[in-house]
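model.cif follows; it contains mmCIF, C-alpha atoms.
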data_work
loop_
_atom_site.label_atom_id
_atom_site.label_comp_id
_atom_site.auth_asym_id
_atom_site.auth_seq_id
_atom_site.Cartn_x
_atom_site.Cartn_y
_atom_site.Cartn_z
CA MET A 1 1.10 -118.88 -67.76
CA THR A 2 3.49 -120.40 -65.21
CA GLY A 3 3.25 -123.85 -63.69
CA VAL A 4 2.07 -127.11 -65.21
CA GLY A 5 -1.19 -128.39 -66.63
CA PRO A 6 -3.27 -131.37 -65.55
CA HIS A 7 -1.28 -134.48 -64.66
CA PRO A 8 -1.60 -137.35 -67.16
CA GLU A 9 -3.60 -140.29 -65.92
CA PRO A 10 -3.25 -142.66 -64.20
CA TRP A 11 -2.30 -140.40 -61.30
CA PRO A 12 0.54 -141.34 -58.94
CA ASP A 13 -0.49 -143.02 -55.71
CA ASP A 14 0.95 -140.47 -53.31
CA GLU A 15 -0.97 -139.01 -50.37
CA ARG A 16 1.05 -135.80 -50.62
CA LEU A 17 -0.62 -134.96 -53.93
CA ASP A 18 -3.77 -132.86 -54.26
CA PRO A 19 -6.42 -134.44 -56.52
CA LYS A 20 -7.74 -131.01 -57.52
CA LEU A 21 -4.29 -129.87 -58.65
CA LEU A 22 -3.74 -133.14 -60.48
CA ALA A 23 -6.97 -132.63 -62.36
CA LEU A 24 -6.72 -128.90 -63.12
CA GLY A 25 -2.98 -128.20 -63.10
CA ASP A 26 -0.68 -126.44 -60.66
CA ARG A 27 -0.05 -122.74 -61.36
CA ARG A 28 1.47 -121.91 -57.96
CA ASN A 29 4.88 -120.30 -57.52
CA VAL A 30 6.56 -123.40 -56.11
CA VAL A 31 9.68 -125.32 -57.08
CA ASP A 32 9.22 -128.33 -59.34
CA ARG A 33 9.58 -130.90 -56.56
CA TYR A 34 6.38 -129.56 -54.98
CA ARG A 35 4.22 -129.62 -58.12
CA TYR A 36 0.76 -131.02 -57.34
CA TRP A 37 1.57 -131.34 -53.62
CA ARG A 38 -1.00 -130.33 -51.02
CA MET A 39 -0.02 -127.18 -49.12
CA GLU A 40 0.06 -129.08 -45.82
CA ALA A 41 2.47 -131.61 -47.33
CA ILE A 42 4.76 -128.86 -48.59
CA ILE A 43 4.83 -127.17 -45.16
CA ALA A 44 5.56 -130.49 -43.45
CA ASP A 45 8.48 -131.14 -45.80
CA LEU A 46 9.84 -127.62 -45.27
CA ASP A 47 9.51 -128.02 -41.50
CA ARG A 48 11.65 -131.14 -41.68
CA ARG A 49 14.48 -129.15 -43.30
CA ARG A 50 14.23 -125.63 -41.87
CA HIS A 51 17.39 -123.81 -40.81
CA PRO A 52 17.83 -122.82 -37.14
CA PHE A 53 18.03 -119.08 -37.78
CA HIS A 54 15.07 -116.73 -37.34
CA VAL A 55 14.44 -113.32 -38.86
CA ALA A 56 12.76 -110.46 -37.00
CA ILE A 57 11.67 -107.08 -38.33
CA GLU A 58 10.35 -104.06 -36.44
CA ASN A 59 7.03 -102.81 -37.77
CA TRP A 60 6.09 -99.54 -36.09
CA GLU A 61 5.03 -97.66 -39.25
CA HIS A 62 3.58 -100.42 -41.45
CA ASP A 63 6.90 -101.14 -43.18
CA LEU A 64 6.35 -102.22 -46.79
CA ASN A 65 9.51 -104.35 -46.78
CA ILE A 66 8.02 -107.07 -44.60
CA GLY A 67 6.46 -108.95 -47.49
CA THR A 68 9.82 -109.07 -49.26
CA ILE A 69 11.51 -110.29 -46.08
CA VAL A 70 8.94 -113.07 -45.65
CA ARG A 71 9.46 -114.17 -49.25
CA THR A 72 13.24 -114.13 -48.83
CA ALA A 73 13.02 -116.02 -45.53
CA ASN A 74 11.04 -118.69 -47.35
CA ALA A 75 13.71 -118.87 -50.08
CA PHE A 76 16.49 -119.34 -47.49
CA LEU A 77 14.32 -121.66 -45.36
CA ALA A 78 14.39 -119.62 -42.13
CA ALA A 79 12.75 -121.21 -39.11
CA GLU A 80 10.37 -118.29 -38.56
CA VAL A 81 9.80 -114.64 -39.33
CA HIS A 82 8.98 -112.47 -36.31
CA ILE A 83 7.11 -109.19 -36.75
CA VAL A 84 7.59 -106.80 -33.86
CA GLY A 85 5.10 -103.98 -33.38
CA GLU A 86 2.04 -103.53 -35.58
CA ARG A 87 0.33 -106.83 -36.37
CA ARG A 88 -0.85 -105.72 -39.81
CA TRP A 89 1.64 -105.88 -42.65
CA ASN A 90 1.49 -105.60 -46.43
CA ARG A 91 1.45 -109.12 -47.84
CA ARG A 92 1.81 -108.13 -51.48
CA GLY A 93 5.60 -108.53 -51.53
CA ALA A 94 5.36 -111.96 -49.95
CA MET A 95 3.83 -113.40 -53.14
CA VAL A 96 1.78 -115.92 -51.10
CA THR A 97 4.93 -117.37 -49.44
CA GLU A 98 3.46 -116.46 -46.03
CA GLN A 99 1.32 -119.57 -46.46
CA TYR A 100 4.47 -121.71 -46.33
CA GLN A 101 6.59 -119.62 -43.95
CA HIS A 102 5.92 -119.53 -40.21
CA VAL A 103 5.25 -115.93 -39.12
CA ARG A 104 4.99 -114.95 -35.45
CA HIS A 105 3.90 -111.60 -33.98
CA HIS A 106 5.34 -109.82 -30.92
CA SER A 107 3.75 -106.61 -29.66
CA THR A 108 7.02 -105.19 -28.32
CA VAL A 109 10.76 -105.73 -28.51
CA GLU A 110 10.58 -106.94 -24.91
CA ASP A 111 8.16 -109.67 -25.99
CA LEU A 112 10.59 -110.78 -28.71
CA VAL A 113 13.44 -110.82 -26.20
CA ALA A 114 11.43 -112.93 -23.76
CA TRP A 115 10.59 -115.41 -26.51
CA ALA A 116 14.21 -115.58 -27.72
CA THR A 117 15.50 -116.04 -24.17
CA ASP A 118 13.12 -118.95 -23.59
CA ALA A 119 14.24 -120.45 -26.90
CA GLY A 120 17.93 -119.98 -26.04
CA LEU A 121 18.53 -117.81 -29.12
CA PRO A 122 20.83 -114.76 -29.18
CA ILE A 123 19.50 -111.73 -31.05
CA VAL A 124 21.87 -110.20 -33.59
CA GLY A 125 21.00 -106.71 -34.81
CA VAL A 126 21.71 -105.77 -38.42
CA ASP A 127 22.25 -102.04 -38.93
CA ILE A 128 24.91 -99.50 -39.85
CA LEU A 129 25.74 -98.10 -36.44
CA PRO A 130 28.94 -96.97 -34.71
CA GLY A 131 30.72 -100.02 -33.32
CA SER A 132 28.98 -102.50 -35.59
CA VAL A 133 31.07 -105.39 -36.94
CA PRO A 134 31.10 -106.08 -40.69
CA LEU A 135 28.85 -109.06 -41.34
CA ASP A 136 31.51 -110.93 -43.29
CA GLU A 137 33.89 -110.70 -40.31
CA ALA A 138 31.40 -111.14 -37.49
CA THR A 139 30.75 -114.22 -35.41
CA LEU A 140 27.35 -115.37 -36.59
CA PRO A 141 25.73 -117.99 -34.33
CA LYS A 142 24.23 -121.02 -36.02
CA ALA A 143 21.00 -120.70 -34.05
CA CYS A 144 20.04 -117.05 -33.68
CA VAL A 145 17.58 -114.27 -34.47
CA LEU A 146 18.61 -111.70 -37.08
CA LEU A 147 16.82 -108.48 -36.14
CA PHE A 148 16.22 -105.64 -38.62
CA GLY A 149 14.87 -102.19 -37.97
CA GLN A 150 12.40 -100.25 -40.05
CA GLU A 151 13.21 -98.69 -43.36
CA GLY A 152 14.66 -95.26 -42.55
CA PRO A 153 15.16 -95.13 -38.78
CA GLY A 154 16.76 -98.57 -38.51
CA LEU A 155 16.85 -100.39 -35.19
CA SER A 156 14.88 -98.68 -32.44
CA GLU A 157 16.53 -97.76 -29.15
CA ALA A 158 14.77 -100.67 -27.47
CA ALA A 159 16.12 -103.05 -30.11
CA ARG A 160 19.66 -101.72 -29.82
CA ALA A 161 19.55 -102.31 -26.09
CA ALA A 162 18.24 -105.85 -26.53
CA VAL A 163 20.69 -107.33 -29.05
CA THR A 164 23.82 -109.29 -28.16
CA GLY A 165 25.72 -107.57 -30.96
CA ILE A 166 25.25 -105.51 -34.12
CA VAL A 167 26.57 -106.38 -37.55
CA SER A 168 26.61 -104.23 -40.66
CA ILE A 169 26.83 -104.86 -44.39
CA ARG A 170 29.76 -103.31 -46.21
CA GLN A 171 28.78 -100.57 -48.67
CA PHE A 172 30.85 -98.64 -51.16
CA GLY A 173 28.58 -96.06 -52.79
CA SER A 174 27.00 -92.76 -51.79
CA THR A 175 23.80 -94.01 -50.15
CA ARG A 176 23.74 -94.19 -46.37
CA SER A 177 21.95 -97.51 -46.08
CA LEU A 178 20.52 -100.47 -47.92
CA ASN A 179 16.83 -101.12 -48.31
CA ALA A 180 15.70 -103.25 -45.35
CA GLY A 181 14.47 -106.05 -47.58
CA VAL A 182 17.78 -106.15 -49.46
CA ALA A 183 19.78 -106.09 -46.22
CA ALA A 184 17.77 -109.02 -44.89
CA GLY A 185 18.50 -111.00 -48.04
CA VAL A 186 22.23 -110.32 -47.79
CA ALA A 187 22.31 -111.35 -44.12
CA MET A 188 20.34 -114.54 -44.71
CA HIS A 189 22.59 -115.50 -47.60
CA GLU A 190 25.64 -114.99 -45.41
CA TRP A 191 24.15 -117.29 -42.78
CA VAL A 192 23.46 -119.95 -45.41
CA ARG A 193 26.94 -119.57 -46.88
CA ARG A 194 28.47 -120.34 -43.49
CA TRP A 195 26.13 -122.88 -41.99
CA ASP A 196 24.13 -124.75 -44.62
CA PRO A 197 25.47 -128.33 -44.89
CA HIS A 198 24.28 -128.43 -48.50
CA PRO A 199 25.66 -125.16 -49.95
CA ALA A 200 24.51 -125.94 -53.46
CA GLY A 201 20.86 -125.61 -52.37
CA ARG A 202 18.40 -127.00 -54.86
#
Produce C-alpha coordinates that represent the structure in this file.
Amino acid sequence: MTGVGPHPEPWPDDERLDPKLLALGDRRNVVDRYRYWRMEAIIADLDRRRHPFHVAIENWEHDLNIGTIVRTANAFLAAEVHIVGERRWNRRGAMVTEQYQHVRHHSTVEDLVAWATDAGLPIVGVDILPGSVPLDEATLPKACVLLFGQEGPGLSEAARAAVTGIVSIRQFGSTRSLNAGVAAGVAMHEWVRRWDPHPAGR
(Lines of atoms letter the chains of each structure in order from A and count residues from 1; the text may use other names and numbers.)
(Lines give C-alpha, C1' and ligand atoms only; values in the text may rest on other atoms or scores of the structure.)
Protein backbone atom coordinates (compact mmCIF):
# COMPACT_ATOMS: atom_id res chain seq x y z
CA MET A 1 0.00 0.00 0.00
CA THR A 2 1.33 3.45 -0.91
CA GLY A 3 1.45 6.48 1.34
CA VAL A 4 2.05 6.73 5.07
CA GLY A 5 0.27 5.48 8.17
CA PRO A 6 -1.12 7.48 11.09
CA HIS A 7 1.07 10.34 12.27
CA PRO A 8 2.73 9.80 15.67
CA GLU A 9 1.32 11.91 18.46
CA PRO A 10 1.54 14.65 19.49
CA TRP A 11 0.41 16.00 16.13
CA PRO A 12 2.04 19.09 14.62
CA ASP A 13 0.22 22.37 15.18
CA ASP A 14 -0.35 23.28 11.55
CA GLU A 15 -3.71 24.40 10.15
CA ARG A 16 -2.80 22.94 6.75
CA LEU A 17 -2.99 19.42 8.16
CA ASP A 18 -6.12 17.28 8.11
CA PRO A 19 -6.92 15.67 11.48
CA LYS A 20 -8.58 12.69 9.78
CA LEU A 21 -5.47 11.99 7.69
CA LEU A 22 -3.25 12.41 10.74
CA ALA A 23 -5.32 9.84 12.58
CA LEU A 24 -5.84 7.27 9.81
CA GLY A 25 -2.86 7.81 7.49
CA ASP A 26 -2.50 9.38 4.06
CA ARG A 27 -2.71 6.97 1.11
CA ARG A 28 -3.16 9.64 -1.59
CA ASN A 29 -0.92 9.94 -4.64
CA VAL A 30 0.77 13.15 -3.53
CA VAL A 31 4.40 14.15 -3.09
CA ASP A 32 5.87 13.84 0.39
CA ARG A 33 5.68 17.56 1.17
CA TYR A 34 1.88 17.34 1.00
CA ARG A 35 1.45 14.32 3.29
CA TYR A 36 -1.43 14.87 5.72
CA TRP A 37 -2.30 18.25 4.14
CA ARG A 38 -5.93 19.19 3.54
CA MET A 39 -6.84 19.26 -0.16
CA GLU A 40 -7.69 22.97 0.02
CA ALA A 41 -4.25 23.69 1.48
CA ILE A 42 -2.53 21.74 -1.29
CA ILE A 43 -4.47 23.62 -3.99
CA ALA A 44 -3.66 26.96 -2.37
CA ASP A 45 0.04 26.11 -2.31
CA LEU A 46 -0.04 24.96 -5.94
CA ASP A 47 -1.87 28.14 -6.95
CA ARG A 48 0.91 30.20 -5.41
CA ARG A 49 3.47 28.49 -7.68
CA ARG A 50 1.62 27.69 -10.91
CA HIS A 51 3.31 28.32 -14.25
CA PRO A 52 1.77 30.86 -16.67
CA PHE A 53 1.15 28.36 -19.48
CA HIS A 54 -2.22 26.75 -20.12
CA VAL A 55 -3.07 23.53 -21.93
CA ALA A 56 -6.14 23.09 -24.13
CA ILE A 57 -7.44 19.93 -25.78
CA GLU A 58 -10.26 19.52 -28.28
CA ASN A 59 -12.86 16.96 -27.19
CA TRP A 60 -15.33 16.34 -29.99
CA GLU A 61 -15.37 12.52 -29.76
CA HIS A 62 -14.84 11.89 -26.03
CA ASP A 63 -11.05 11.67 -26.35
CA LEU A 64 -9.60 9.21 -23.83
CA ASN A 65 -6.31 11.12 -23.64
CA ILE A 66 -7.77 13.99 -21.63
CA GLY A 67 -7.27 12.30 -18.28
CA THR A 68 -3.61 11.74 -19.07
CA ILE A 69 -3.22 15.36 -20.14
CA VAL A 70 -4.80 16.59 -16.90
CA ARG A 71 -2.45 14.41 -14.87
CA THR A 72 0.57 15.63 -16.84
CA ALA A 73 -0.54 19.26 -16.52
CA ASN A 74 -0.65 18.76 -12.77
CA ALA A 75 2.87 17.29 -12.82
CA PHE A 76 4.22 20.30 -14.76
CA LEU A 77 2.10 22.75 -12.74
CA ALA A 78 0.15 24.27 -15.64
CA ALA A 79 -2.13 27.17 -14.79
CA GLU A 80 -5.23 25.48 -16.20
CA VAL A 81 -6.42 22.75 -18.52
CA HIS A 82 -9.08 23.83 -21.03
CA ILE A 83 -11.41 21.25 -22.57
CA VAL A 84 -12.97 22.42 -25.82
CA GLY A 85 -16.11 20.68 -27.07
CA GLU A 86 -17.86 17.94 -25.13
CA ARG A 87 -18.02 18.67 -21.41
CA ARG A 88 -17.81 15.00 -20.39
CA TRP A 89 -14.39 13.40 -20.33
CA ASN A 90 -12.92 10.15 -19.01
CA ARG A 91 -11.33 10.91 -15.65
CA ARG A 92 -9.69 7.52 -15.19
CA GLY A 93 -6.34 8.60 -16.63
CA ALA A 94 -6.25 11.67 -14.42
CA MET A 95 -5.73 9.51 -11.31
CA VAL A 96 -7.65 12.02 -9.15
CA THR A 97 -5.30 14.89 -10.12
CA GLU A 98 -8.32 16.81 -11.49
CA GLN A 99 -9.05 17.62 -7.85
CA TYR A 100 -5.82 19.64 -7.69
CA GLN A 101 -5.67 20.94 -11.26
CA HIS A 102 -7.93 23.75 -12.48
CA VAL A 103 -10.01 22.53 -15.44
CA ARG A 104 -12.14 24.90 -17.53
CA HIS A 105 -14.68 24.02 -20.23
CA HIS A 106 -15.32 25.88 -23.51
CA SER A 107 -18.14 24.78 -25.80
CA THR A 108 -16.37 25.89 -28.99
CA VAL A 109 -12.95 26.92 -30.24
CA GLU A 110 -14.35 30.43 -30.60
CA ASP A 111 -15.15 30.45 -26.88
CA LEU A 112 -11.56 29.44 -26.09
CA VAL A 113 -10.24 32.17 -28.38
CA ALA A 114 -12.42 34.79 -26.71
CA TRP A 115 -11.21 33.71 -23.27
CA ALA A 116 -7.55 33.69 -24.36
CA THR A 117 -7.90 37.11 -25.99
CA ASP A 118 -9.34 38.58 -22.80
CA ALA A 119 -6.49 36.98 -20.85
CA GLY A 120 -3.87 38.31 -23.29
CA LEU A 121 -2.62 34.80 -24.09
CA PRO A 122 -1.51 33.65 -27.56
CA ILE A 123 -2.68 30.19 -28.61
CA VAL A 124 0.02 27.89 -29.95
CA GLY A 125 -1.18 24.81 -31.82
CA VAL A 126 0.75 21.55 -31.49
CA ASP A 127 0.37 19.26 -34.51
CA ILE A 128 2.31 17.79 -37.41
CA LEU A 129 1.11 19.98 -40.24
CA PRO A 130 2.74 21.54 -43.31
CA GLY A 131 4.50 24.73 -42.28
CA SER A 132 4.74 23.82 -38.60
CA VAL A 133 7.94 24.79 -36.78
CA PRO A 134 9.83 22.14 -34.78
CA LEU A 135 9.06 22.68 -31.11
CA ASP A 136 12.72 22.75 -30.12
CA GLU A 137 13.35 25.60 -32.59
CA ALA A 138 10.11 27.52 -32.17
CA THR A 139 9.52 30.71 -30.22
CA LEU A 140 7.48 29.56 -27.26
CA PRO A 141 5.86 32.41 -25.30
CA LYS A 142 6.20 32.32 -21.53
CA ALA A 143 2.49 32.97 -21.04
CA CYS A 144 0.46 31.06 -23.63
CA VAL A 145 -2.08 28.34 -24.37
CA LEU A 146 -0.77 25.10 -25.87
CA LEU A 147 -3.64 23.68 -27.94
CA PHE A 148 -3.86 20.01 -28.94
CA GLY A 149 -6.28 18.36 -31.30
CA GLN A 150 -8.02 15.04 -30.85
CA GLU A 151 -6.31 11.72 -31.19
CA GLY A 152 -6.42 10.87 -34.90
CA PRO A 153 -7.70 13.96 -36.71
CA GLY A 154 -5.48 16.42 -34.84
CA LEU A 155 -6.35 20.10 -34.73
CA SER A 156 -9.73 20.93 -36.23
CA GLU A 157 -10.05 23.48 -39.02
CA ALA A 158 -11.45 25.99 -36.54
CA ALA A 159 -8.46 25.46 -34.26
CA ARG A 160 -5.96 25.83 -37.10
CA ALA A 161 -7.54 29.13 -38.03
CA ALA A 162 -7.44 30.36 -34.44
CA VAL A 163 -3.82 29.72 -33.44
CA THR A 164 -0.99 32.24 -33.70
CA GLY A 165 1.37 29.51 -34.87
CA ILE A 166 1.78 25.74 -35.05
CA VAL A 167 4.68 23.75 -33.64
CA SER A 168 5.47 20.09 -34.15
CA ILE A 169 7.49 17.47 -32.30
CA ARG A 170 10.34 15.87 -34.20
CA GLN A 171 9.81 12.17 -34.94
CA PHE A 172 12.13 9.61 -36.48
CA GLY A 173 10.18 6.37 -36.82
CA SER A 174 7.44 5.01 -39.08
CA THR A 175 4.37 6.24 -37.23
CA ARG A 176 2.69 9.38 -38.53
CA SER A 177 1.98 10.97 -35.17
CA LEU A 178 2.43 10.74 -31.44
CA ASN A 179 -0.34 9.89 -29.03
CA ALA A 180 -2.00 13.17 -27.97
CA GLY A 181 -1.25 12.58 -24.30
CA VAL A 182 2.42 11.91 -25.05
CA ALA A 183 2.66 14.97 -27.30
CA ALA A 184 1.20 17.14 -24.55
CA GLY A 185 3.78 15.84 -22.10
CA VAL A 186 6.65 16.57 -24.49
CA ALA A 187 5.39 20.10 -25.14
CA MET A 188 4.89 20.88 -21.45
CA HIS A 189 8.36 19.60 -20.63
CA GLU A 190 9.83 21.83 -23.33
CA TRP A 191 8.05 24.83 -21.82
CA VAL A 192 9.40 23.97 -18.36
CA ARG A 193 12.89 23.42 -19.73
CA ARG A 194 12.91 26.94 -21.16
CA TRP A 195 10.99 28.96 -18.63
CA ASP A 196 10.99 27.36 -15.18
CA PRO A 197 13.28 29.40 -12.88
CA HIS A 198 13.89 26.24 -10.83
CA PRO A 199 14.77 23.65 -13.51
CA ALA A 200 15.57 20.96 -10.97
CA GLY A 201 11.89 20.79 -9.96
CA ARG A 202 11.30 18.94 -6.72
Report task. Can you pull out every residue within 12 Å of Ala161 (chain A), counting only C-alpha atoms, but drop anything in the same chain fewer than 2 positions away, and send it as a list in words? Result -> Val109, Glu110, Val113, Ile123, Val124, Gly125, Leu155, Ser156, Glu157, Ala158, Ala159, Val163, Thr164, Gly165 and Ile166 of chain A
Query - Expected selection from the PyMOL selection byres ((chain A and resi 94) around 10), given as a VMD selection string - result: chain A and resid 65 to 74 90 to 93 95 to 99 101
If we count all atoms listed in the file, what is near Ala56 (chain A) at a cut-off of 8 Å, once residues fewer than 5 positions away on the same chain are taken out, given as an mmCIF file with C-alpha atoms, in the frame of the given file?
data_model
loop_
_atom_site.group_PDB
_atom_site.id
_atom_site.type_symbol
_atom_site.label_atom_id
_atom_site.label_comp_id
_atom_site.auth_asym_id
_atom_site.auth_seq_id
_atom_site.Cartn_x
_atom_site.Cartn_y
_atom_site.Cartn_z
ATOM 1 C CA VAL A 81 9.800 -114.640 -39.330
ATOM 2 C CA HIS A 82 8.980 -112.470 -36.310
ATOM 3 C CA ILE A 83 7.110 -109.190 -36.750
ATOM 4 C CA VAL A 84 7.590 -106.800 -33.860
ATOM 5 C CA VAL A 145 17.580 -114.270 -34.470
ATOM 6 C CA LEU A 146 18.610 -111.700 -37.080
ATOM 7 C CA LEU A 147 16.820 -108.480 -36.140
ATOM 8 C CA PHE A 148 16.220 -105.640 -38.620
#
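Of the residues under consideration (A:Leu77, A:Leu112, A:Leu140, A:Leu64), A:Leu77 shows the shortest atom-to-atom contact distance to Asp45 (chain A) when counting only C-alpha atoms.
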Query raised in the report: Skipping near chain neighbours, those fewer than 3 positions away, what residues fall within 12 Å of Arg194 (chain A) using all atoms listed in the file, listed as a PyMOL selection string?
Result: chain A and resi 51+53+135-142+187-191+197-199
Query - Residues selected by the PyMOL selection byres ((chain A and resi 16) around 12), written as a PyMOL selection string - result: chain A and resi 12-15+17-19+21-22+33-45
